[in-house]
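Reproduced below: upload_6.pdb, with PDB, C-alpha atoms.
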ATOM      1  CA  MET A 915       5.291 -41.562 -38.983  1.00  0.00           C
ATOM      2  CA  ARG A 916       2.715 -44.140 -40.042  1.00  0.00           C
ATOM      3  CA  GLY A 917       1.849 -47.523 -38.625  1.00  0.00           C
ATOM      4  CA  TYR A 918       1.558 -50.774 -40.563  1.00  0.00           C
ATOM      5  CA  VAL A 919      -0.337 -53.817 -39.333  1.00  0.00           C
ATOM      6  CA  PHE A 920       0.153 -57.112 -41.158  1.00  0.00           C
ATOM      7  CA  ILE A 921      -2.449 -59.845 -40.765  1.00  0.00           C
ATOM      8  CA  SER A 922      -2.754 -63.224 -42.430  1.00  0.00           C
ATOM      9  CA  SER A 923      -6.329 -63.998 -41.385  1.00  0.00           C
ATOM     10  CA  GLY A 924      -9.462 -62.258 -40.226  1.00  0.00           C
ATOM     11  CA  ALA A 925     -11.085 -59.070 -41.436  1.00  0.00           C
ATOM     12  CA  ILE A 926      -9.129 -55.901 -42.142  1.00  0.00           C
ATOM     13  CA  SER A 927     -11.960 -53.752 -40.837  1.00  0.00           C
ATOM     14  CA  THR A 928     -14.107 -55.117 -38.037  1.00  0.00           C
ATOM     15  CA  LYS A 929     -16.392 -53.876 -35.304  1.00  0.00           C
ATOM     16  CA  HIS A 930     -15.380 -56.805 -33.115  1.00  0.00           C
ATOM     17  CA  PRO A 931     -11.591 -56.563 -32.594  1.00  0.00           C
ATOM     18  CA  LYS A 932     -11.683 -59.045 -29.706  1.00  0.00           C
ATOM     19  CA  LYS A 933     -12.191 -61.790 -32.292  1.00  0.00           C
ATOM     20  CA  TYR A 934      -8.709 -61.077 -33.662  1.00  0.00           C
ATOM     21  CA  PRO A 935      -6.300 -60.738 -30.713  1.00  0.00           C
ATOM     22  CA  ALA A 936      -3.145 -60.727 -32.887  1.00  0.00           C
ATOM     23  CA  ARG A 937      -4.452 -57.804 -34.928  1.00  0.00           C
ATOM     24  CA  LEU A 938      -5.466 -56.013 -31.748  1.00  0.00           C
ATOM     25  CA  GLN A 939      -2.078 -56.593 -30.123  1.00  0.00           C
ATOM     26  CA  GLN A 940      -0.278 -55.088 -33.114  1.00  0.00           C
ATOM     27  CA  ILE A 941      -2.407 -51.954 -32.915  1.00  0.00           C
ATOM     28  CA  LEU A 942      -1.769 -51.676 -29.175  1.00  0.00           C
ATOM     29  CA  ASN A 943       1.966 -52.086 -29.726  1.00  0.00           C
ATOM     30  CA  LEU A 944       2.012 -49.332 -32.334  1.00  0.00           C
ATOM     31  CA  ARG A 945      -0.124 -46.982 -30.278  1.00  0.00           C
ATOM     32  CA  TYR A 946       2.160 -47.478 -27.313  1.00  0.00           C
ATOM     33  CA  LEU A 947       5.227 -46.577 -29.384  1.00  0.00           C
ATOM     34  CA  PHE A 948       3.398 -43.610 -30.911  1.00  0.00           C
ATOM     35  CA  SER A 949       2.523 -42.334 -27.434  1.00  0.00           C
ATOM     36  CA  VAL A 950       6.181 -42.574 -26.407  1.00  0.00           C
ATOM     37  CA  CYS A 951       7.186 -40.683 -29.559  1.00  0.00           C
ATOM     38  CA  SER A 952       4.377 -38.113 -29.137  1.00  0.00           C
ATOM     39  CA  GLU A 953       2.751 -39.368 -32.349  1.00  0.00           C
ATOM     40  CA  GLU A 954      -0.597 -40.464 -30.866  1.00  0.00           C
ATOM     41  CA  ASP A 955      -2.561 -39.431 -33.952  1.00  0.00           C
ATOM     42  CA  ALA A 956      -0.335 -41.263 -36.443  1.00  0.00           C
ATOM     43  CA  PRO A 957      -2.459 -43.256 -38.931  1.00  0.00           C
ATOM     44  CA  ILE A 958      -2.346 -47.056 -38.901  1.00  0.00           C
ATOM     45  CA  ASN A 959      -2.681 -49.021 -42.153  1.00  0.00           C
ATOM     46  CA  ILE A 960      -3.776 -52.658 -42.171  1.00  0.00           C
ATOM     47  CA  GLU A 961      -2.908 -55.157 -44.899  1.00  0.00           C
ATOM     48  CA  LYS A 962      -3.783 -58.821 -45.249  1.00  0.00           C
ATOM     49  CA  ALA A 963      -1.869 -61.560 -47.056  1.00  0.00           C
ATOM     50  CA  SER A 964      -1.711 -65.284 -46.393  1.00  0.00           C
ATOM     51  CA  ARG A 965       1.476 -65.820 -48.411  1.00  0.00           C
ATOM     52  CA  VAL A 966       4.233 -63.324 -49.216  1.00  0.00           C
ATOM     53  CA  GLU A 967       6.697 -64.296 -51.923  1.00  0.00           C
ATOM     54  CA  SER A 968       7.939 -60.772 -52.595  1.00  0.00           C
ATOM     55  CA  LEU A 969       7.221 -57.172 -51.690  1.00  0.00           C
ATOM     56  CA  ASP A 970       4.763 -57.050 -54.594  1.00  0.00           C
ATOM     57  CA  ALA A 971       2.486 -59.273 -52.507  1.00  0.00           C
ATOM     58  CA  LEU A 972       2.189 -56.351 -50.066  1.00  0.00           C
ATOM     59  CA  PRO A 973       1.211 -53.416 -52.303  1.00  0.00           C
ATOM     60  CA  LYS A 974       0.101 -51.237 -49.406  1.00  0.00           C
ATOM     61  CA  LEU A 975       3.409 -51.675 -47.579  1.00  0.00           C
ATOM     62  CA  LYS A 976       5.357 -51.078 -50.772  1.00  0.00           C
ATOM     63  CA  SER A 977       3.440 -47.879 -51.428  1.00  0.00           C
ATOM     64  CA  LEU A 978       3.956 -46.700 -47.847  1.00  0.00           C
ATOM     65  CA  LEU A 979       7.692 -47.348 -48.015  1.00  0.00           C
ATOM     66  CA  HIS A 980       8.029 -45.347 -51.226  1.00  0.00           C
ATOM     67  CA  TRP A 981       6.013 -42.565 -49.600  1.00  0.00           C
ATOM     68  CA  ALA A 982       8.332 -42.607 -46.573  1.00  0.00           C
ATOM     69  CA  VAL A 983      11.429 -42.332 -48.774  1.00  0.00           C
ATOM     70  CA  ILE A 984      10.008 -39.348 -50.648  1.00  0.00           C
ATOM     71  CA  ASN A 985       8.867 -37.599 -47.468  1.00  0.00           C
ATOM     72  CA  SER A 986      11.811 -38.613 -45.250  1.00  0.00           C
ATOM     73  CA  ASP A 987       9.388 -40.243 -42.832  1.00  0.00           C
ATOM     74  CA  LYS A 988       9.030 -43.648 -41.170  1.00  0.00           C
ATOM     75  CA  ILE A 989       6.781 -46.661 -41.563  1.00  0.00           C
ATOM     76  CA  VAL A 990       6.527 -48.677 -38.360  1.00  0.00           C
ATOM     77  CA  ILE A 991       5.437 -52.285 -37.879  1.00  0.00           C
ATOM     78  CA  ASP A 992       5.346 -53.753 -34.404  1.00  0.00           C
ATOM     79  CA  ASP A 993       7.563 -56.739 -35.326  1.00  0.00           C
ATOM     80  CA  PHE A 994       9.402 -57.435 -38.609  1.00  0.00           C
ATOM     81  CA  ARG A 995       9.091 -61.168 -37.982  1.00  0.00           C
ATOM     82  CA  ARG A 996       5.360 -61.060 -38.700  1.00  0.00           C
ATOM     83  CA  ILE A 997       6.113 -60.578 -42.381  1.00  0.00           C
ATOM     84  CA  PHE A 998       8.912 -63.122 -42.654  1.00  0.00           C
ATOM     85  CA  ARG A 999       6.918 -65.938 -41.098  1.00  0.00           C
ATOM     86  CA  LYS A1000       4.633 -65.744 -44.139  1.00  0.00           C
ATOM     87  CA  VAL A1001       7.490 -65.693 -46.642  1.00  0.00           C
ATOM     88  CA  PRO A1002       8.502 -69.143 -47.976  1.00  0.00           C
ATOM     89  CA  PHE A1003      11.946 -70.121 -46.687  1.00  0.00           C
ATOM     90  CA  MET A1004      13.449 -70.132 -50.189  1.00  0.00           C
ATOM     91  CA  GLN A1005      12.316 -66.541 -50.842  1.00  0.00           C
ATOM     92  CA  ARG A1006      13.347 -64.978 -47.533  1.00  0.00           C
ATOM     93  CA  LYS A1007      16.799 -63.820 -48.614  1.00  0.00           C
ATOM     94  CA  ASP A1008      15.267 -62.124 -51.645  1.00  0.00           C
ATOM     95  CA  MET A1009      12.671 -60.493 -49.411  1.00  0.00           C
ATOM     96  CA  ILE A1010      15.426 -59.222 -47.130  1.00  0.00           C
ATOM     97  CA  LYS A1011      17.167 -57.641 -50.117  1.00  0.00           C
ATOM     98  CA  GLU A1012      13.955 -55.934 -51.215  1.00  0.00           C
ATOM     99  CA  LEU A1013      13.255 -54.502 -47.773  1.00  0.00           C
ATOM    100  CA  ALA A1014      16.907 -53.540 -47.293  1.00  0.00           C
ATOM    101  CA  ALA A1015      16.398 -50.892 -49.973  1.00  0.00           C
ATOM    102  CA  PHE A1016      14.022 -49.197 -47.526  1.00  0.00           C
ATOM    103  CA  ALA A1017      16.046 -49.943 -44.388  1.00  0.00           C
ATOM    104  CA  PRO A1018      16.347 -46.303 -43.196  1.00  0.00           C
ATOM    105  CA  VAL A1019      12.577 -45.676 -43.308  1.00  0.00           C
ATOM    106  CA  PHE A1020      11.218 -49.082 -42.246  1.00  0.00           C
ATOM    107  CA  TRP A1021      11.123 -49.491 -38.462  1.00  0.00           C
ATOM    108  CA  GLU A1022       9.706 -51.863 -35.887  1.00  0.00           C
ATOM    109  CA  ALA A1023       8.313 -51.043 -32.450  1.00  0.00           C
ATOM    110  CA  ARG A1024      10.400 -53.656 -30.645  1.00  0.00           C
ATOM    111  CA  TYR A1025      13.391 -52.491 -28.610  1.00  0.00           C
ATOM    112  CA  GLU A1026      11.804 -49.031 -28.290  1.00  0.00           C
ATOM    113  CA  GLY A1027      12.003 -48.650 -32.055  1.00  0.00           C
ATOM    114  CA  ARG A1028      14.751 -49.764 -34.423  1.00  0.00           C
ATOM    115  CA  SER A1029      15.314 -49.592 -38.157  1.00  0.00           C
ATOM    116  CA  PHE A1030      15.371 -52.557 -40.501  1.00  0.00           C
ATOM    117  CA  ALA A1031      19.096 -51.953 -40.942  1.00  0.00           C
ATOM    118  CA  ALA A1032      19.665 -52.421 -37.203  1.00  0.00           C
ATOM    119  CA  ALA A1033      17.413 -55.477 -37.184  1.00  0.00           C
ATOM    120  CA  LEU A1034      19.422 -57.074 -39.992  1.00  0.00           C
ATOM    121  CA  ARG A1035      22.596 -56.476 -38.055  1.00  0.00           C
ATOM    122  CA  ASP A1036      21.196 -58.042 -34.883  1.00  0.00           C
ATOM    123  CA  ASP A1037      18.651 -60.653 -36.008  1.00  0.00           C
ATOM    124  CA  LEU A1038      19.346 -61.621 -39.626  1.00  0.00           C
ATOM    125  CA  ARG A1039      19.401 -65.328 -38.836  1.00  0.00           C
ATOM    126  CA  GLU A1040      16.064 -65.102 -37.043  1.00  0.00           C
ATOM    127  CA  PHE A1041      14.366 -63.609 -40.109  1.00  0.00           C
ATOM    128  CA  ILE A1042      15.599 -66.511 -42.204  1.00  0.00           C
ATOM    129  CA  THR A1043      14.556 -69.224 -39.749  1.00  0.00           C
ATOM    130  CA  ILE A1044      11.475 -67.792 -38.018  1.00  0.00           C
ATOM    131  CA  ASP A1045       8.461 -70.091 -37.953  1.00  0.00           C
ATOM    132  CA  GLY A1046       5.265 -70.335 -35.938  1.00  0.00           C
ATOM    133  CA  ARG A1047       3.162 -67.682 -34.252  1.00  0.00           C
ATOM    134  CA  ILE A1048       4.507 -64.309 -33.184  1.00  0.00           C
ATOM    135  CA  LYS A1049       3.656 -62.922 -29.763  1.00  0.00           C
ATOM    136  CA  THR A1050       4.967 -59.441 -29.157  1.00  0.00           C
ATOM    137  CA  GLU A1051       3.848 -57.219 -26.284  1.00  0.00           C
ATOM    138  CA  ILE A1052       5.651 -53.891 -26.443  1.00  0.00           C
ATOM    139  CA  ASP A1053       3.777 -52.606 -23.404  1.00  0.00           C
ATOM    140  CA  PRO A1054       3.402 -55.383 -20.772  1.00  0.00           C
ATOM    141  CA  ASP A1055       0.313 -53.685 -19.342  1.00  0.00           C
ATOM    142  CA  THR A1056      -1.662 -54.471 -22.512  1.00  0.00           C
ATOM    143  CA  ARG A1057      -0.934 -58.199 -22.585  1.00  0.00           C
ATOM    144  CA  GLU A1058      -3.878 -59.408 -20.550  1.00  0.00           C
ATOM    145  CA  LEU A1059      -6.197 -56.881 -22.160  1.00  0.00           C
ATOM    146  CA  ALA A1060      -5.286 -58.012 -25.651  1.00  0.00           C
ATOM    147  CA  GLU A1061      -5.743 -61.672 -24.784  1.00  0.00           C
ATOM    148  CA  LEU A1062      -9.179 -60.994 -23.360  1.00  0.00           C
ATOM    149  CA  GLY A1063     -10.122 -58.716 -26.224  1.00  0.00           C
ATOM    150  CA  LYS A1064     -11.114 -55.974 -23.805  1.00  0.00           C
ATOM    151  CA  ALA A1065      -8.428 -53.437 -24.601  1.00  0.00           C
ATOM    152  CA  PRO A1066     -10.649 -51.056 -26.601  1.00  0.00           C
ATOM    153  CA  ILE A1067     -13.154 -50.914 -23.731  1.00  0.00           C
ATOM    154  CA  LYS A1068     -10.382 -50.391 -21.214  1.00  0.00           C
ATOM    155  CA  MET A1069      -8.796 -47.699 -23.348  1.00  0.00           C
ATOM    156  CA  ARG A1070     -12.125 -45.917 -23.788  1.00  0.00           C
ATOM    157  CA  ARG A1071     -12.699 -46.003 -20.044  1.00  0.00           C
ATOM    158  CA  ARG A1072      -9.280 -44.532 -19.411  1.00  0.00           C
ATOM    159  CA  GLN A1073      -9.847 -41.834 -22.023  1.00  0.00           C
ATOM    160  CA  THR A1074     -13.182 -41.030 -20.381  1.00  0.00           C
ATOM    161  CA  GLN A1075     -11.532 -40.826 -16.966  1.00  0.00           C
ATOM    162  CA  LEU A1076      -8.838 -38.503 -18.288  1.00  0.00           C
ATOM    163  CA  ALA A1077     -11.468 -36.355 -19.988  1.00  0.00           C
ATOM    164  CA  ARG A1078     -13.447 -36.130 -16.756  1.00  0.00           C
ATOM    165  CA  ILE A1079     -10.353 -35.133 -14.806  1.00  0.00           C
ATOM    166  CA  SER A1080      -9.491 -32.494 -17.383  1.00  0.00           C
ATOM    167  CA  SER A1081     -13.065 -31.196 -17.410  1.00  0.00           C
ATOM    168  CA  ALA A1082     -13.172 -31.045 -13.602  1.00  0.00           C
ATOM    169  CA  GLU A1083      -9.902 -29.116 -13.530  1.00  0.00           C
ATOM    170  CA  LYS A1084     -11.233 -26.610 -16.063  1.00  0.00           C
ATOM    171  CA  ARG A1085     -14.454 -26.140 -14.086  1.00  0.00           C
ATOM    172  CA  SER A1086     -12.465 -25.643 -10.902  1.00  0.00           C
ATOM    173  CA  MET A1087     -10.264 -23.007 -12.531  1.00  0.00           C
ATOM    174  CA  ALA A1088     -13.328 -21.207 -13.918  1.00  0.00           C
ATOM    175  CA  ALA A1089     -14.970 -21.256 -10.479  1.00  0.00           C
ATOM    176  CA  ASP A1090     -11.823 -19.803  -8.900  1.00  0.00           C
ATOM    177  CA  ILE A1091     -11.819 -16.936 -11.393  1.00  0.00           C
ATOM    178  CA  LEU A1092     -15.517 -16.310 -10.760  1.00  0.00           C
ATOM    179  CA  ALA A1093     -14.985 -16.344  -6.987  1.00  0.00           C
ATOM    180  CA  ARG A1094     -12.280 -13.704  -7.275  1.00  0.00           C
ATOM    181  CA  LYS A1095     -14.560 -11.521  -9.404  1.00  0.00           C
ATOM    182  CA  ILE A1096     -17.358 -11.706  -6.830  1.00  0.00           C
ATOM    183  CA  ALA A1097     -14.908 -10.930  -4.027  1.00  0.00           C
ATOM    184  CA  ARG A1098     -13.650  -7.949  -6.031  1.00  0.00           C
ATOM    185  CA  ILE A1099     -17.202  -6.647  -6.464  1.00  0.00           C
ATOM    186  CA  GLN A1100     -17.792  -6.872  -2.708  1.00  0.00           C
ATOM    187  CA  SER A1101     -14.511  -5.065  -2.065  1.00  0.00           C
ATOM    188  CA  GLU A1102     -15.397  -2.295  -4.530  1.00  0.00           C
ATOM    189  CA  LEU A1103     -18.800  -1.797  -2.922  1.00  0.00           C
ATOM    190  CA  HIS A1104     -17.168  -1.604   0.476  1.00  0.00           C
ATOM    191  CA  GLN A1105     -14.585   0.930  -0.742  1.00  0.00           C
ATOM    192  CA  ASP A1106     -17.338   3.087  -2.243  1.00  0.00           C
ATOM    193  CA  ARG A1107     -19.073   2.952   1.145  1.00  0.00           C
ATOM    194  CA  LYS A1108     -22.029   1.248  -0.389  1.00  0.00           C
ATOM    195  CA  SER A1109     -23.891  -1.695   1.046  1.00  0.00           C
ATOM    196  CA  SER A1110     -21.809  -4.842   0.633  1.00  0.00           C
ATOM    197  CA  THR A1111     -24.392  -7.350   1.787  1.00  0.00           C
ATOM    198  CA  LEU A1112     -24.873 -10.589  -0.113  1.00  0.00           C
ATOM    199  CA  ARG A1113     -27.979  -9.163  -1.761  1.00  0.00           C
ATOM    200  CA  SER A1114     -26.138  -5.994  -2.801  1.00  0.00           C
ATOM    201  CA  VAL A1115     -23.256  -7.996  -4.272  1.00  0.00           C
ATOM    202  CA  ALA A1116     -25.702 -10.226  -6.151  1.00  0.00           C
ATOM    203  CA  ASP A1117     -27.551  -7.210  -7.578  1.00  0.00           C
ATOM    204  CA  GLU A1118     -24.301  -5.541  -8.626  1.00  0.00           C
ATOM    205  CA  ALA A1119     -23.030  -8.717 -10.317  1.00  0.00           C
ATOM    206  CA  ASN A1120     -26.310  -9.050 -12.215  1.00  0.00           C
ATOM    207  CA  GLU A1121     -26.176  -5.400 -13.299  1.00  0.00           C
ATOM    208  CA  ARG A1122     -22.674  -5.940 -14.673  1.00  0.00           C
ATOM    209  CA  GLY A1123     -23.916  -8.882 -16.701  1.00  0.00           C
ATOM    210  CA  LEU A1124     -21.800 -11.395 -14.818  1.00  0.00           C
ATOM    211  CA  LYS A1125     -23.264 -14.905 -14.998  1.00  0.00           C
ATOM    212  CA  THR A1126     -22.948 -17.798 -12.581  1.00  0.00           C
ATOM    213  CA  SER A1127     -21.019 -20.904 -13.610  1.00  0.00           C
ATOM    214  CA  ARG A1128     -24.285 -22.337 -14.932  1.00  0.00           C
ATOM    215  CA  GLY A1129     -25.200 -19.193 -16.808  1.00  0.00           C
ATOM    216  CA  GLY A1130     -27.823 -18.006 -14.325  1.00  0.00           C
ATOM    217  CA  THR A1131     -28.333 -14.874 -12.256  1.00  0.00           C
ATOM    218  CA  TRP A1132     -26.803 -14.233  -8.861  1.00  0.00           C
ATOM    219  CA  SER A1133     -28.583 -14.645  -5.536  1.00  0.00           C
ATOM    220  CA  PRO A1134     -27.338 -14.313  -1.945  1.00  0.00           C
ATOM    221  CA  PRO A1135     -26.656 -18.086  -1.568  1.00  0.00           C
ATOM    222  CA  THR A1136     -24.591 -18.282  -4.777  1.00  0.00           C
ATOM    223  CA  VAL A1137     -22.683 -15.140  -3.780  1.00  0.00           C
ATOM    224  CA  LYS A1138     -21.921 -16.637  -0.369  1.00  0.00           C
ATOM    225  CA  ARG A1139     -20.524 -19.816  -1.935  1.00  0.00           C
ATOM    226  CA  MET A1140     -18.245 -17.791  -4.176  1.00  0.00           C
ATOM    227  CA  LEU A1141     -17.058 -15.590  -1.307  1.00  0.00           C
ATOM    228  CA  ASP A1142     -16.308 -18.671   0.791  1.00  0.00           C
ATOM    229  CA  ARG A1143     -14.343 -20.083  -2.124  1.00  0.00           C
ATOM    230  CA  ALA A1144     -12.428 -16.827  -2.504  1.00  0.00           C
ATOM    231  CA  LYS A1145     -11.474 -16.919   1.192  1.00  0.00           C
ATOM    232  CA  LYS A1146     -10.147 -20.463   0.811  1.00  0.00           C
ATOM    233  CA  LEU A1147      -8.069 -19.355  -2.168  1.00  0.00           C
ATOM    234  CA  GLU A1148      -6.605 -16.506  -0.109  1.00  0.00           C
ATOM    235  CA  ASN A1149      -5.720 -18.892   2.699  1.00  0.00           C
ATOM    236  CA  LYS A1150      -3.916 -21.178   0.246  1.00  0.00           C
ATOM    237  CA  THR A1151      -1.753 -18.338  -0.973  1.00  0.00           C
TER     238      THR A1151
END
Would you write out, as structure tokens, the structure that this file holds?
Amino acid sequence: MRGYVFISSGAISTKHPKKYPARLQQILNLRYLFSVCSEEDAPINIEKASRVESLDALPKLKSLLHWAVINSDKIVIDDFRRIFRKVPFMQRKDMIKELAAFAPVFWEARYEGRSFAAALRDDLREFITIDGRIKTEIDPDTRELAELGKAPIKMRRRQTQLARISSAEKRSMAADILARKIARIQSELHQDRKSSTLRSVADEANERGLKTSRGGTWSPPTVKRMLDRAKKLENKT
């Protein structure tokens, strides 16, 4: 699956997406659909044209559609109407015929994803008569963000939050494993009738080459924290 963004103004590549809210909204719409379809890493291609009289005016889209046919894949735009609003009224029926040849592989993100064939069946008249600006928000939660041009910042913050949560969970799991190892060392010392004081456990852990969570050596305070953690884990189970 590959995404296709059609713009009629603005830069194709820009470091300031908030200047082009329509372009940004299309990308958000596609990313939302990709996330639903578990295709988060699907590439998105952007093409610009101020007037579209035939499919030849969109060489990138034409190439993508041929690629999709050969590879039995899909090309997804957020809204088919974005293309037709830039096609002169007299050429729209011809444009429909050209795209109909790729109907099985050309999809839009609206209605949770539908093919061009389904769109022709449901909205043929709209493609012929569409005029004016297109506003499509596939995910309602992104509407305000796209209008303000703050979606990338918001998305980065959310990604950072998720990464922090994931990292914290991994650290917690690693600490639990370490706590059980320290508790096992204390138990082994006790079974061997050796001293099982905090200092003895720390010395034994250091002799075995076991490192603390920060890669340091063991001391009575760090051993105590791990033993307390191990007790809490036992109480949970």
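Those residues returned by the PyMOL selection byres ((chain A and resi 1023-1028) around 9) for this file are Asn943, Leu944, Tyr946, Leu947, Val950, Val990, Ile991, Asp992, Asp993, Phe994, Phe1020, Trp1021, Glu1022, Ser1029, Phe1030, Ala1031, Ala1032, Ala1033, Thr1050, Glu1051 and Ile1052 of chain A.
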Could you tell me how far atom CA of Gln940 of chain A lies from atom CA of Ile984 of chain A, in Å and to one decimal?
25.7 Å
Expanded to explicit residues, what is the PyMOL selection byres ((chain A and resi 1003) around 10) for this file, as a PyMOL selection string?
chain A and resi 967+998-1002+1004-1008+1041-1045
Write out the residues from the selection above, keeping C-alpha atoms, as a PDB file, keeping the file's coordinate frame.
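Dumped to part_27.pdb:
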ATOM      1  CA  GLU A 967       6.697 -64.296 -51.923  1.00  0.00           C
ATOM      2  CA  PHE A 998       8.912 -63.122 -42.654  1.00  0.00           C
ATOM      3  CA  ARG A 999       6.918 -65.938 -41.098  1.00  0.00           C
ATOM      4  CA  LYS A1000       4.633 -65.744 -44.139  1.00  0.00           C
ATOM      5  CA  VAL A1001       7.490 -65.693 -46.642  1.00  0.00           C
ATOM      6  CA  PRO A1002       8.502 -69.143 -47.976  1.00  0.00           C
ATOM      7  CA  MET A1004      13.449 -70.132 -50.189  1.00  0.00           C
ATOM      8  CA  GLN A1005      12.316 -66.541 -50.842  1.00  0.00           C
ATOM      9  CA  ARG A1006      13.347 -64.978 -47.533  1.00  0.00           C
ATOM     10  CA  LYS A1007      16.799 -63.820 -48.614  1.00  0.00           C
ATOM     11  CA  ASP A1008      15.267 -62.124 -51.645  1.00  0.00           C
ATOM     12  CA  PHE A1041      14.366 -63.609 -40.109  1.00  0.00           C
ATOM     13  CA  ILE A1042      15.599 -66.511 -42.204  1.00  0.00           C
ATOM     14  CA  THR A1043      14.556 -69.224 -39.749  1.00  0.00           C
ATOM     15  CA  ILE A1044      11.475 -67.792 -38.018  1.00  0.00           C
ATOM     16  CA  ASP A1045       8.461 -70.091 -37.953  1.00  0.00           C
TER      17      ASP A1045
END
Please indicate the distance in Å from atom CA of Ser977 of chain A to atom CA of Ile921 of chain A, rounded to one decimal place.
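Between these atoms lies a distance of 17.1 Å.
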Report the distance between atom CA of Arg996 of chain A and atom CA of Ser949 of chain A in Å, rounded to one decimal place.
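Atom-to-atom, atom CA of Arg996 of chain A and atom CA of Ser949 of chain A are spaced 22.0 Å apart.
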Run through the PyMOL selection byres ((chain A and resi 1117-1127) around 9) on the given coordinates and return the selected residues as a VMD selection string.
chain A and resid 1085 1088 to 1089 1092 1095 to 1096 1099 to 1100 1103 1112 to 1116 1128 to 1133 1136
Residues within 12 Å of (-0.6, -38.8, -38.7), file coords, all atoms listed in the file, listed as JSON, numbers by chain
{"A": [915, 916, 917, 945, 948, 952, 953, 954, 955, 956, 957, 958, 959, 987, 988, 989]}
For Ile997 of chain A, which residue among A:Met1087, A:Ala1017, A:Met1009, A:Ala982 is the nearest when counting only C-alpha atoms?
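Under the stated criterion, the closest residue is A:Met1009.
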